[in-house]
Amino acid sequence: MSMKPWMCIAFFSMVALVTVQDDAGNSAFAKANSFYTNGNYQEAIDSYEDILQSGQQSAEVYFNLGNAYYKLNQVGPAIYHFEKALQLDPSDKELKNNLKFAEQMRVDAVQPLAENPLKKFLKEAASSLSLDNWAYLSIMLALIAVLLFLLYHYATTTGKKRLFFSLSMLFFLLMLIAISAATYSSNFKANHKQAIVYSEETVTRSEPKQSADPSIVIHEGTKVVILEEYQEWAHVELANGSQAWMPVRDLKKL
Amino acid sequence: MKSVVALFLFFIAIAAQAQVSFTASATRDGIALNERLRVEFKMNADGDNFSPPSFNGFKIVSGPITGVQQRYVNGVGSFIKSYTYILAPESTGSKTIGSATMSYKGEEYSTTPFNVQITKAIEDPRETESNDPVREIADQNIHLVAEVSNDSPYLNEAIRVVYKLYVSNNSGINGWTETDSPKYADFWSQNIDNRDQQVRIGTYKGQEYRYLVLREAILYPQKTGKLTIEPLALEVNVQVPSGRRDFFGRSFMTTEKLRVTAGGRTINVKDLPQEGRPASFTGAVGQFEFAVQLSKAQLEAGESLMASVVAKGTGNLQLMQLPKLEVPNRLETYEPERVDNTTTTYSGIRGSIQDNYTIVPQFGGTYTLPSVEFSYFDPNSRSYKTINSDESTIQVTGDAVTAPTGGTNVLEADDVFAFIKTKTRLKPIDSEPFFDTLIYWSALGGLFLLIPIVLLVKKSREVVASDVQGRKVKKADKLSKKYLSEARKNMDDSEAFYESLERALHNFLKSKLRIPTAEMTKQRVDELLQQRYVQQQVRLEFLSLLSSAEMARYSPSSKTDMQQDYEKASRVIHQLDKQLN
């Protein structure tokens, strides 16, 4: 019993600390937004970057940063930050829309490989929620499934029993799906290191050295997948399946 | 002294008496080895016995050509008899042409010897042919002149070169062929068509001439410094008097070919001033207007429009570069097409050039073509001028067209670039993902553990509940044992059985209702049980037991009755115990 007041004080002070930090971050965010609204895009970018420097982030900060870079015609940073925001909030419509605008601005038009429609559907479904949201969803579903199972147990009539049991099994199945989606996207994240080309133009090579034969020329804002890294070079794959080596410093990893 | 005066007088007398001159003349004092020399001996009297000198070191090409000219002007007659030789030198050095002699009325006359310098052969010999009279006439009467409008233009400033053929009134030409066309190295040239070849009257060096414009060209110097214009050379058919005369004394005209050139001209080209040169200057020199024009400002997505960058005016239109139009990346733009609409005029190249950009907007929206800067050098004001075209806006409406990439990157027609978000919830960057952590799995597992826990709790509560029943049964057993044990022992004796049964019932009620034994009358018990809301059946049974116990004192009962009453008592006690709690 004597522990309880202490714990209460600790909890409330933590809440207070978090809210104080939040207030500071939010005021910086509002300041950056007003810079953006007045057309001072460079100042807006600096302010948003300050928020990120202070160790805080949100999909909105990345989104606004991407917008500001877009207004300054900097394709690479714009696409990078939109993609970053998309990782935190994969379902935002405005975000996807502005990313399309930014992608139109880039030089390279990479024709994506035709994918197995089932695989594509699964991938899209798995990436429709962020990893954490999948985790929370699976716990919610598990809770519902458990409650329904208990209701089945307490039910007196056969009809009710049958109903509750099948509902419980349904939610259990949904929970399993949510968990596998989370596992999939977690694995995808781990094995699928994406990066955005930051330099205006890069000549890729067939081997990781400067004297190697030039392969393809890619431009700012193009999204690549890093297959492996060797010294200063990254082995990248484009959406159209072509692979080449390029200097790591020309890339920014997502 | 006297003798000297006498001699002098003698000479004068000779001179006065003679009045005859005999002279030798050459066209030039010095010639090249591969040229020809014309030597003429003239006497103003009709002499005889002409003997030429020995032309040592020369070969006689032709001659002697004898000529006699007799004129009467205002009653004064003049007479010239001439012998002409055309000589070709045989070696270089100084050569002397000795004196020729001729006699007149018995007198001998001789010419003075003179020297001629013969130099080395030259590349372009004059007078190789014996058309010397033609040359002489040509030198005086026919001139080919190059007139340049401006000797010291700026780089890329237009200058005009006119070639004129002047012909004096007392000679004529009939036709010419061009042997050397002028070459304008280091110039960009544009010939002006000159179809109306009309002979005009003009003056050249103060004398009246007829002239013909042969050629006109506009030149744009492409280099600074001294530039030369290579001359124009013509072979002209000249009509000259042949020296012979017809019956009426008119001289015959012969047609001779003559080569004439306009001397090369040197042009001093000035560089454009460095001072005040705008960054957008790309070499345009002249006077221009500049604009960016759109074929249409409103269109549907997928349609095409033409944006023209137009420079209009006078100057080096065909040489200069037009500034590039910066089209927004989102608009599909093709390489510009150059349209040249210029004419070469007297004052330079005039007209317009334009770059036509074909633009195909793929998606709806408002696009802005930024202003384009164009600067040029105006040689008249000797300064740079800059023109900024207006910004132009393109309104694109209508349905979106599928992107040529065929990808997922298709914008809806009403899609616009979204504004920033105004609210946010910041989170620490380095927060670990919740998924696949210990907390996550234990939370999930905990939920499923809930099922067995809840089921176990339910079961144990059921066990406890069933235990309560059992305890109650036990208690009832205990009660009947406690109260009815005596009655049970006295099963054999009817009187003792009922006595102990009655006592047991009384004791039970006493302990339950906490009443003294004195109040234990049947009516009182009935009231009490009714107050406690005991079931009527139980109450009646209890009362019937009491009355049967009373009755049994007077009339002994059978064993089966006793057995029944015992069980009844046990049941009633148990039920009362339940209901009186």
# chains A, B, ... in the order shown; residues from 1 in each chain; ligands from 1
call {"tool": "interface_residues", "arguments": {"of": "chain A", "to": "chain B", "cutoff": "9 Å", "atoms": "only C-alpha atoms", "output": "count of residues only"}}
result
57
call {"tool": "residues_around", "arguments": {"residues": "segment 499-501 of chain B", "least_positions_apart": "5", "cutoff": "7 Å", "atoms": "only C-alpha atoms", "output": "ChimeraX atom specification"}}
result
/B:484,486-487,549
call {"tool": "closest_residue", "arguments": {"among": "B:Lys42, B:Arg488, B:Arg553, B:Lys522", "to": "Thr66 of chain B", "atoms": "only C-alpha atoms"}}
result
B:Lys42
call {"tool": "atom_distance", "arguments": {"atom1": "atom CA of Ser304 of chain B", "atom2": "atom CA of Ile359 of chain B"}}
result
5.5 Å
call {"tool": "select_by_dssp", "arguments": {"residues": "segment 76-212 of chain A", "states": "alpha helix (DSSP H)", "output": "tab-separated table (two decimals) with C-alpha atoms, in the first residue's frame"}}
result
chain	number	residue	atom	x	y	z
A	76	GLY	CA	15.31	13.65	-54.24
A	77	PRO	CA	14.66	15.01	-50.74
A	78	ALA	CA	10.95	15.47	-51.53
A	79	ILE	CA	10.49	11.82	-52.52
A	80	TYR	CA	12.68	10.65	-49.64
A	81	HIS	CA	10.58	12.38	-47.02
A	82	PHE	CA	7.26	11.35	-48.58
A	83	GLU	CA	8.44	7.74	-48.52
A	84	LYS	CA	9.55	8.20	-44.94
A	85	ALA	CA	6.12	9.52	-44.02
A	86	LEU	CA	4.53	6.63	-45.88
A	87	GLN	CA	6.44	4.19	-43.69
A	88	LEU	CA	4.88	5.71	-40.59
A	93	LYS	CA	-4.31	9.64	-49.21
A	94	GLU	CA	-2.84	13.16	-49.36
A	95	LEU	CA	0.56	11.65	-48.82
A	96	LYS	CA	0.21	9.24	-51.70
A	97	ASN	CA	-1.11	12.02	-53.89
A	98	ASN	CA	1.79	14.37	-53.23
A	99	LEU	CA	4.25	11.53	-53.69
A	100	LYS	CA	2.78	11.06	-57.14
A	101	PHE	CA	3.38	14.72	-57.88
A	102	ALA	CA	6.97	14.43	-56.73
A	103	GLU	CA	7.48	11.28	-58.77
A	104	GLN	CA	6.28	13.12	-61.83
A	105	MET	CA	9.00	15.67	-61.32
A	117	PRO	CA	-1.16	-10.49	-58.81
A	118	LEU	CA	-1.70	-12.60	-55.68
A	119	LYS	CA	1.70	-11.66	-54.32
A	120	LYS	CA	1.09	-8.05	-55.21
A	121	PHE	CA	-2.25	-8.10	-53.42
A	122	LEU	CA	-0.69	-9.66	-50.33
A	123	LYS	CA	2.11	-7.12	-50.38
A	124	GLU	CA	-0.26	-4.22	-50.72
A	125	ALA	CA	-2.50	-5.57	-48.00
A	126	ALA	CA	0.45	-6.08	-45.67
A	131	LEU	CA	3.90	-2.63	-38.35
A	132	ASP	CA	2.81	-1.33	-34.95
A	133	ASN	CA	-0.76	-0.96	-36.08
A	134	TRP	CA	-0.76	-4.59	-37.20
A	135	ALA	CA	0.54	-5.52	-33.74
A	136	TYR	CA	-2.14	-3.53	-31.94
A	137	LEU	CA	-4.80	-4.90	-34.25
A	138	SER	CA	-3.75	-8.48	-33.56
A	139	ILE	CA	-4.03	-7.90	-29.83
A	140	MET	CA	-7.48	-6.37	-30.24
A	141	LEU	CA	-8.59	-9.32	-32.33
A	142	ALA	CA	-7.18	-11.75	-29.80
A	143	LEU	CA	-9.12	-10.00	-27.02
A	144	ILE	CA	-12.37	-10.23	-28.96
A	145	ALA	CA	-11.74	-13.88	-29.81
A	146	VAL	CA	-11.08	-14.72	-26.16
A	147	LEU	CA	-14.18	-12.88	-24.95
A	148	LEU	CA	-16.33	-14.61	-27.54
A	149	PHE	CA	-14.92	-17.95	-26.52
A	150	LEU	CA	-15.81	-17.27	-22.90
A	151	LEU	CA	-19.29	-16.19	-23.92
A	152	TYR	CA	-19.62	-19.48	-25.75
A	153	HIS	CA	-18.68	-21.24	-22.59
A	154	TYR	CA	-21.25	-19.42	-20.50
A	158	THR	CA	-27.23	-24.43	-28.22
A	159	GLY	CA	-27.94	-21.66	-30.76
A	160	LYS	CA	-26.02	-19.09	-28.77
A	161	LYS	CA	-23.22	-21.52	-28.12
A	162	ARG	CA	-22.88	-22.22	-31.81
A	163	LEU	CA	-22.93	-18.52	-32.72
A	164	PHE	CA	-20.34	-17.50	-30.16
A	165	PHE	CA	-18.06	-20.38	-30.99
A	166	SER	CA	-17.99	-19.67	-34.72
A	167	LEU	CA	-17.50	-15.92	-34.11
A	168	SER	CA	-14.68	-16.68	-31.74
A	169	MET	CA	-13.00	-18.92	-34.29
A	170	LEU	CA	-13.44	-16.20	-36.95
A	171	PHE	CA	-11.71	-13.59	-34.84
A	172	PHE	CA	-9.00	-16.06	-33.94
A	173	LEU	CA	-8.39	-16.55	-37.66
A	174	LEU	CA	-8.34	-12.79	-38.25
A	175	MET	CA	-5.82	-12.46	-35.46
A	176	LEU	CA	-3.59	-15.05	-37.12
A	177	ILE	CA	-3.83	-13.10	-40.38
A	178	ALA	CA	-2.88	-9.87	-38.63
A	179	ILE	CA	0.11	-11.54	-37.01
A	180	SER	CA	1.30	-13.01	-40.29
A	181	ALA	CA	0.88	-9.61	-42.00
A	182	ALA	CA	2.97	-8.02	-39.28
A	183	THR	CA	5.59	-10.75	-39.63
A	184	TYR	CA	5.62	-10.30	-43.37
A	185	SER	CA	6.06	-6.55	-43.24
A	186	SER	CA	8.67	-6.88	-40.53
A	187	ASN	CA	10.63	-9.33	-42.68
A	188	PHE	CA	10.10	-7.17	-45.75
A	189	LYS	CA	11.51	-4.19	-43.90
A	190	ALA	CA	14.52	-6.18	-42.77
A	191	ASN	CA	15.30	-7.69	-46.18
call {"tool": "residues_around", "arguments": {"residues": "segment 216-223 of chain B", "least_positions_apart": "6", "cutoff": "10 Å", "atoms": "only C-alpha atoms", "output": "PDB file with N, CA and C atoms, in the first residue's frame"}}
result
ATOM      1  N   ALA B 146      34.985  48.431-104.796  1.00  0.00           N
ATOM      2  CA  ALA B 146      34.211  47.822-103.707  1.00  0.00           C
ATOM      3  C   ALA B 146      33.927  48.906-102.688  1.00  0.00           C
ATOM      4  N   GLU B 147      32.666  49.164-102.464  1.00  0.00           N
ATOM      5  CA  GLU B 147      32.298  50.167-101.459  1.00  0.00           C
ATOM      6  C   GLU B 147      31.812  49.457-100.207  1.00  0.00           C
ATOM      7  N   VAL B 148      32.365  49.825 -99.056  1.00  0.00           N
ATOM      8  CA  VAL B 148      32.000  49.197 -97.784  1.00  0.00           C
ATOM      9  C   VAL B 148      31.288  50.242 -96.945  1.00  0.00           C
ATOM     10  N   SER B 149      30.146  49.857 -96.370  1.00  0.00           N
ATOM     11  CA  SER B 149      29.333  50.837 -95.650  1.00  0.00           C
ATOM     12  C   SER B 149      30.011  51.290 -94.358  1.00  0.00           C
ATOM     13  N   PRO B 153      33.245  48.093 -88.039  1.00  0.00           N
ATOM     14  CA  PRO B 153      32.011  47.677 -87.375  1.00  0.00           C
ATOM     15  C   PRO B 153      32.321  46.922 -86.083  1.00  0.00           C
ATOM     16  N   TYR B 154      31.283  46.676 -85.317  1.00  0.00           N
ATOM     17  CA  TYR B 154      31.405  45.785 -84.161  1.00  0.00           C
ATOM     18  C   TYR B 154      31.317  44.362 -84.646  1.00  0.00           C
ATOM     19  N   LEU B 155      31.789  43.473 -83.817  1.00  0.00           N
ATOM     20  CA  LEU B 155      31.634  42.049 -84.095  1.00  0.00           C
ATOM     21  C   LEU B 155      30.152  41.769 -84.316  1.00  0.00           C
ATOM     22  N   ASN B 156      29.846  41.062 -85.393  1.00  0.00           N
ATOM     23  CA  ASN B 156      28.466  40.678 -85.682  1.00  0.00           C
ATOM     24  C   ASN B 156      27.558  41.827 -86.085  1.00  0.00           C
ATOM     25  N   GLU B 157      28.143  43.005 -86.320  1.00  0.00           N
ATOM     26  CA  GLU B 157      27.313  44.092 -86.828  1.00  0.00           C
ATOM     27  C   GLU B 157      27.326  44.010 -88.351  1.00  0.00           C
ATOM     28  N   ALA B 158      26.165  44.222 -88.946  1.00  0.00           N
ATOM     29  CA  ALA B 158      26.068  44.048 -90.394  1.00  0.00           C
ATOM     30  C   ALA B 158      26.809  45.174 -91.117  1.00  0.00           C
ATOM     31  N   ILE B 159      27.602  44.820 -92.128  1.00  0.00           N
ATOM     32  CA  ILE B 159      28.133  45.830 -93.038  1.00  0.00           C
ATOM     33  C   ILE B 159      27.737  45.419 -94.448  1.00  0.00           C
ATOM     34  N   ARG B 160      27.731  46.422 -95.351  1.00  0.00           N
ATOM     35  CA  ARG B 160      27.273  46.137 -96.697  1.00  0.00           C
ATOM     36  C   ARG B 160      28.433  46.382 -97.648  1.00  0.00           C
ATOM     37  N   VAL B 161      28.661  45.459 -98.527  1.00  0.00           N
ATOM     38  CA  VAL B 161      29.705  45.629 -99.535  1.00  0.00           C
ATOM     39  C   VAL B 161      29.018  45.688-100.895  1.00  0.00           C
ATOM     40  N   VAL B 162      29.346  46.745-101.671  1.00  0.00           N
ATOM     41  CA  VAL B 162      28.767  46.908-103.004  1.00  0.00           C
ATOM     42  C   VAL B 162      29.913  46.971-104.009  1.00  0.00           C
ATOM     43  N   TYR B 163      29.819  46.146-105.028  1.00  0.00           N
ATOM     44  CA  TYR B 163      30.812  46.194-106.098  1.00  0.00           C
ATOM     45  C   TYR B 163      30.198  46.949-107.263  1.00  0.00           C
ATOM     46  N   LYS B 164      30.890  48.021-107.657  1.00  0.00           N
ATOM     47  CA  LYS B 164      30.356  48.844-108.757  1.00  0.00           C
ATOM     48  C   LYS B 164      31.376  48.873-109.883  1.00  0.00           C
ATOM     49  N   TYR B 184      34.611  35.847 -98.607  1.00  0.00           N
ATOM     50  CA  TYR B 184      34.501  36.601 -97.359  1.00  0.00           C
ATOM     51  C   TYR B 184      34.898  35.677 -96.222  1.00  0.00           C
ATOM     52  N   ALA B 185      36.177  35.395 -96.138  1.00  0.00           N
ATOM     53  CA  ALA B 185      36.621  34.568 -95.020  1.00  0.00           C
ATOM     54  C   ALA B 185      36.410  35.352 -93.738  1.00  0.00           C
ATOM     55  N   ASP B 186      36.071  34.664 -92.672  1.00  0.00           N
ATOM     56  CA  ASP B 186      35.824  35.269 -91.361  1.00  0.00           C
ATOM     57  C   ASP B 186      34.600  36.179 -91.351  1.00  0.00           C
ATOM     58  N   PHE B 187      33.809  36.105 -92.396  1.00  0.00           N
ATOM     59  CA  PHE B 187      32.548  36.839 -92.388  1.00  0.00           C
ATOM     60  C   PHE B 187      31.431  35.834 -92.621  1.00  0.00           C
ATOM     61  N   TRP B 188      30.290  36.159 -92.108  1.00  0.00           N
ATOM     62  CA  TRP B 188      29.104  35.405 -92.503  1.00  0.00           C
ATOM     63  C   TRP B 188      28.406  36.284 -93.519  1.00  0.00           C
ATOM     64  N   SER B 189      28.214  35.779 -94.733  1.00  0.00           N
ATOM     65  CA  SER B 189      27.764  36.662 -95.793  1.00  0.00           C
ATOM     66  C   SER B 189      26.414  36.232 -96.318  1.00  0.00           C
ATOM     67  N   GLN B 190      25.714  37.200 -96.810  1.00  0.00           N
ATOM     68  CA  GLN B 190      24.409  36.956 -97.419  1.00  0.00           C
ATOM     69  C   GLN B 190      24.320  37.864 -98.624  1.00  0.00           C
ATOM     70  N   ASN B 191      24.246  37.271 -99.831  1.00  0.00           N
ATOM     71  CA  ASN B 191      24.185  38.098-101.038  1.00  0.00           C
ATOM     72  C   ASN B 191      22.789  38.663-101.208  1.00  0.00           C
ATOM     73  N   ILE B 192      22.754  39.883-101.694  1.00  0.00           N
ATOM     74  CA  ILE B 192      21.465  40.501-101.980  1.00  0.00           C
ATOM     75  C   ILE B 192      21.199  40.291-103.459  1.00  0.00           C
ATOM     76  N   ASP B 193      20.041  39.773-103.723  1.00  0.00           N
ATOM     77  CA  ASP B 193      19.701  39.568-105.125  1.00  0.00           C
ATOM     78  C   ASP B 193      19.576  40.921-105.804  1.00  0.00           C
ATOM     79  N   ASN B 194      20.205  41.027-106.955  1.00  0.00           N
ATOM     80  CA  ASN B 194      20.194  42.299-107.656  1.00  0.00           C
ATOM     81  C   ASN B 194      19.817  42.073-109.100  1.00  0.00           C
ATOM     82  N   ILE B 267      38.976  45.489 -93.259  1.00  0.00           N
ATOM     83  CA  ILE B 267      37.938  45.925 -92.314  1.00  0.00           C
ATOM     84  C   ILE B 267      38.502  45.748 -90.911  1.00  0.00           C
ATOM     85  N   ASN B 268      38.344  46.754 -90.094  1.00  0.00           N
ATOM     86  CA  ASN B 268      38.819  46.669 -88.713  1.00  0.00           C
ATOM     87  C   ASN B 268      37.615  46.379 -87.814  1.00  0.00           C
ATOM     88  N   VAL B 269      37.542  45.175 -87.299  1.00  0.00           N
ATOM     89  CA  VAL B 269      36.363  44.762 -86.529  1.00  0.00           C
ATOM     90  C   VAL B 269      36.630  44.972 -85.050  1.00  0.00           C
ATOM     91  N   LYS B 270      35.715  45.700 -84.410  1.00  0.00           N
ATOM     92  CA  LYS B 270      35.852  45.981 -82.972  1.00  0.00           C
ATOM     93  C   LYS B 270      35.117  44.904 -82.177  1.00  0.00           C
ATOM     94  N   ASP B 271      35.673  44.576 -81.030  1.00  0.00           N
ATOM     95  CA  ASP B 271      34.992  43.623 -80.152  1.00  0.00           C
ATOM     96  C   ASP B 271      33.854  44.348 -79.432  1.00  0.00           C
ATOM     97  N   VAL B 285      23.288  40.945 -82.130  1.00  0.00           N
ATOM     98  CA  VAL B 285      23.677  42.340 -82.354  1.00  0.00           C
ATOM     99  C   VAL B 285      22.679  42.925 -83.341  1.00  0.00           C
ATOM    100  N   GLY B 315      19.251  42.459 -87.626  1.00  0.00           N
ATOM    101  CA  GLY B 315      20.508  42.101 -86.982  1.00  0.00           C
ATOM    102  C   GLY B 315      20.930  40.719 -87.410  1.00  0.00           C
ATOM    103  N   ASN B 316      21.817  40.130 -86.656  1.00  0.00           N
ATOM    104  CA  ASN B 316      22.361  38.830 -87.047  1.00  0.00           C
ATOM    105  C   ASN B 316      21.416  37.711 -86.624  1.00  0.00           C
ATOM    106  N   LEU B 319      22.404  34.113 -86.912  1.00  0.00           N
ATOM    107  CA  LEU B 319      23.620  33.687 -86.216  1.00  0.00           C
ATOM    108  C   LEU B 319      23.428  33.577 -84.718  1.00  0.00           C
ATOM    109  N   THR B 344      16.983  39.304 -96.600  1.00  0.00           N
ATOM    110  CA  THR B 344      18.163  40.144 -96.581  1.00  0.00           C
ATOM    111  C   THR B 344      17.824  41.431 -97.305  1.00  0.00           C
ATOM    112  N   THR B 345      17.975  42.529 -96.612  1.00  0.00           N
ATOM    113  CA  THR B 345      17.640  43.814 -97.203  1.00  0.00           C
ATOM    114  C   THR B 345      18.878  44.688 -97.241  1.00  0.00           C
ATOM    115  N   TYR B 346      18.687  45.869 -97.771  1.00  0.00           N
ATOM    116  CA  TYR B 346      19.729  46.851 -97.924  1.00  0.00           C
ATOM    117  C   TYR B 346      20.455  47.116 -96.606  1.00  0.00           C
ATOM    118  N   SER B 347      19.697  47.126 -95.501  1.00  0.00           N
ATOM    119  CA  SER B 347      20.300  47.505 -94.235  1.00  0.00           C
ATOM    120  C   SER B 347      20.703  46.295 -93.388  1.00  0.00           C
ATOM    121  N   GLY B 348      20.547  45.099 -93.919  1.00  0.00           N
ATOM    122  CA  GLY B 348      20.918  43.935 -93.129  1.00  0.00           C
ATOM    123  C   GLY B 348      19.829  42.896 -93.189  1.00  0.00           C
ATOM    124  N   ILE B 349      19.950  41.890 -92.322  1.00  0.00           N
ATOM    125  CA  ILE B 349      18.950  40.840 -92.327  1.00  0.00           C
ATOM    126  C   ILE B 349      17.802  41.282 -91.428  1.00  0.00           C
TER     127      ILE B 349
END
call {"tool": "residues_around", "arguments": {"residues": "Val327 of chain B", "least_positions_apart": "5", "cutoff": "9 Å", "atoms": "only C-alpha atoms", "output": "PyMOL selection string"}}
result
chain B and resi 332-333+359+368-370
call {"tool": "write_last_selection", "arguments": {"atoms": "N, CA and C atoms", "output": "compact mmCIF listing (two decimals), in the first residue's frame"}}
result
# COMPACT_ATOMS: atom_id res chain seq x y z
N GLU B 332 4.93 17.75 -70.76
CA GLU B 332 5.73 17.02 -71.74
C GLU B 332 6.12 17.99 -72.85
N THR B 333 7.40 18.13 -73.10
CA THR B 333 7.87 19.12 -74.06
C THR B 333 8.81 18.46 -75.05
N ILE B 359 4.19 21.57 -76.65
CA ILE B 359 3.99 21.17 -75.26
C ILE B 359 2.69 20.39 -75.17
N THR B 368 2.80 27.46 -65.06
CA THR B 368 3.36 28.77 -65.37
C THR B 368 4.65 28.59 -66.15
N LEU B 369 4.70 29.25 -67.31
CA LEU B 369 5.96 29.30 -68.05
C LEU B 369 6.70 30.53 -67.57
N PRO B 370 7.89 30.34 -67.01
CA PRO B 370 8.56 31.50 -66.43
C PRO B 370 9.01 32.48 -67.51
call {"tool": "select_by_dssp", "arguments": {"residues": "segment 15-203 of chain A", "states": "strand (DSSP E)", "output": "PyMOL selection string"}}
result
chain A and resi 56-57+193-197+201-203
call {"tool": "write_last_selection", "arguments": {"atoms": "N, CA and C atoms", "output": "PDB file, in the first residue's frame"}}
result
ATOM      1  N   GLN A  56      12.545  13.705 -32.428  1.00  0.00           N
ATOM      2  CA  GLN A  56      11.118  13.401 -32.521  1.00  0.00           C
ATOM      3  C   GLN A  56      10.716  13.321 -33.977  1.00  0.00           C
ATOM      4  N   GLN A  57       9.677  12.573 -34.236  1.00  0.00           N
ATOM      5  CA  GLN A  57       9.252  12.418 -35.612  1.00  0.00           C
ATOM      6  C   GLN A  57       7.764  12.145 -35.651  1.00  0.00           C
ATOM      7  N   LYS A 193      15.963  -3.183 -48.004  1.00  0.00           N
ATOM      8  CA  LYS A 193      16.456  -1.856 -47.608  1.00  0.00           C
ATOM      9  C   LYS A 193      16.312  -0.923 -48.797  1.00  0.00           C
ATOM     10  N   GLN A 194      15.409   0.043 -48.671  1.00  0.00           N
ATOM     11  CA  GLN A 194      15.175   0.955 -49.776  1.00  0.00           C
ATOM     12  C   GLN A 194      16.012   2.212 -49.600  1.00  0.00           C
ATOM     13  N   ALA A 195      16.253   2.863 -50.711  1.00  0.00           N
ATOM     14  CA  ALA A 195      17.017   4.108 -50.671  1.00  0.00           C
ATOM     15  C   ALA A 195      16.567   4.976 -51.828  1.00  0.00           C
ATOM     16  N   ILE A 196      16.796   6.263 -51.699  1.00  0.00           N
ATOM     17  CA  ILE A 196      16.439   7.222 -52.738  1.00  0.00           C
ATOM     18  C   ILE A 196      17.734   7.825 -53.277  1.00  0.00           C
ATOM     19  N   VAL A 197      17.797   7.950 -54.596  1.00  0.00           N
ATOM     20  CA  VAL A 197      18.979   8.562 -55.208  1.00  0.00           C
ATOM     21  C   VAL A 197      18.952  10.054 -54.922  1.00  0.00           C
ATOM     22  N   GLU A 201      22.603  13.157 -60.922  1.00  0.00           N
ATOM     23  CA  GLU A 201      22.769  12.138 -61.948  1.00  0.00           C
ATOM     24  C   GLU A 201      23.902  11.221 -61.512  1.00  0.00           C
ATOM     25  N   THR A 202      23.683   9.931 -61.625  1.00  0.00           N
ATOM     26  CA  THR A 202      24.708   8.981 -61.225  1.00  0.00           C
ATOM     27  C   THR A 202      24.872   7.951 -62.332  1.00  0.00           C
ATOM     28  N   VAL A 203      26.113   7.695 -62.661  1.00  0.00           N
ATOM     29  CA  VAL A 203      26.392   6.630 -63.617  1.00  0.00           C
ATOM     30  C   VAL A 203      26.665   5.374 -62.798  1.00  0.00           C
TER      31      VAL A 203
END
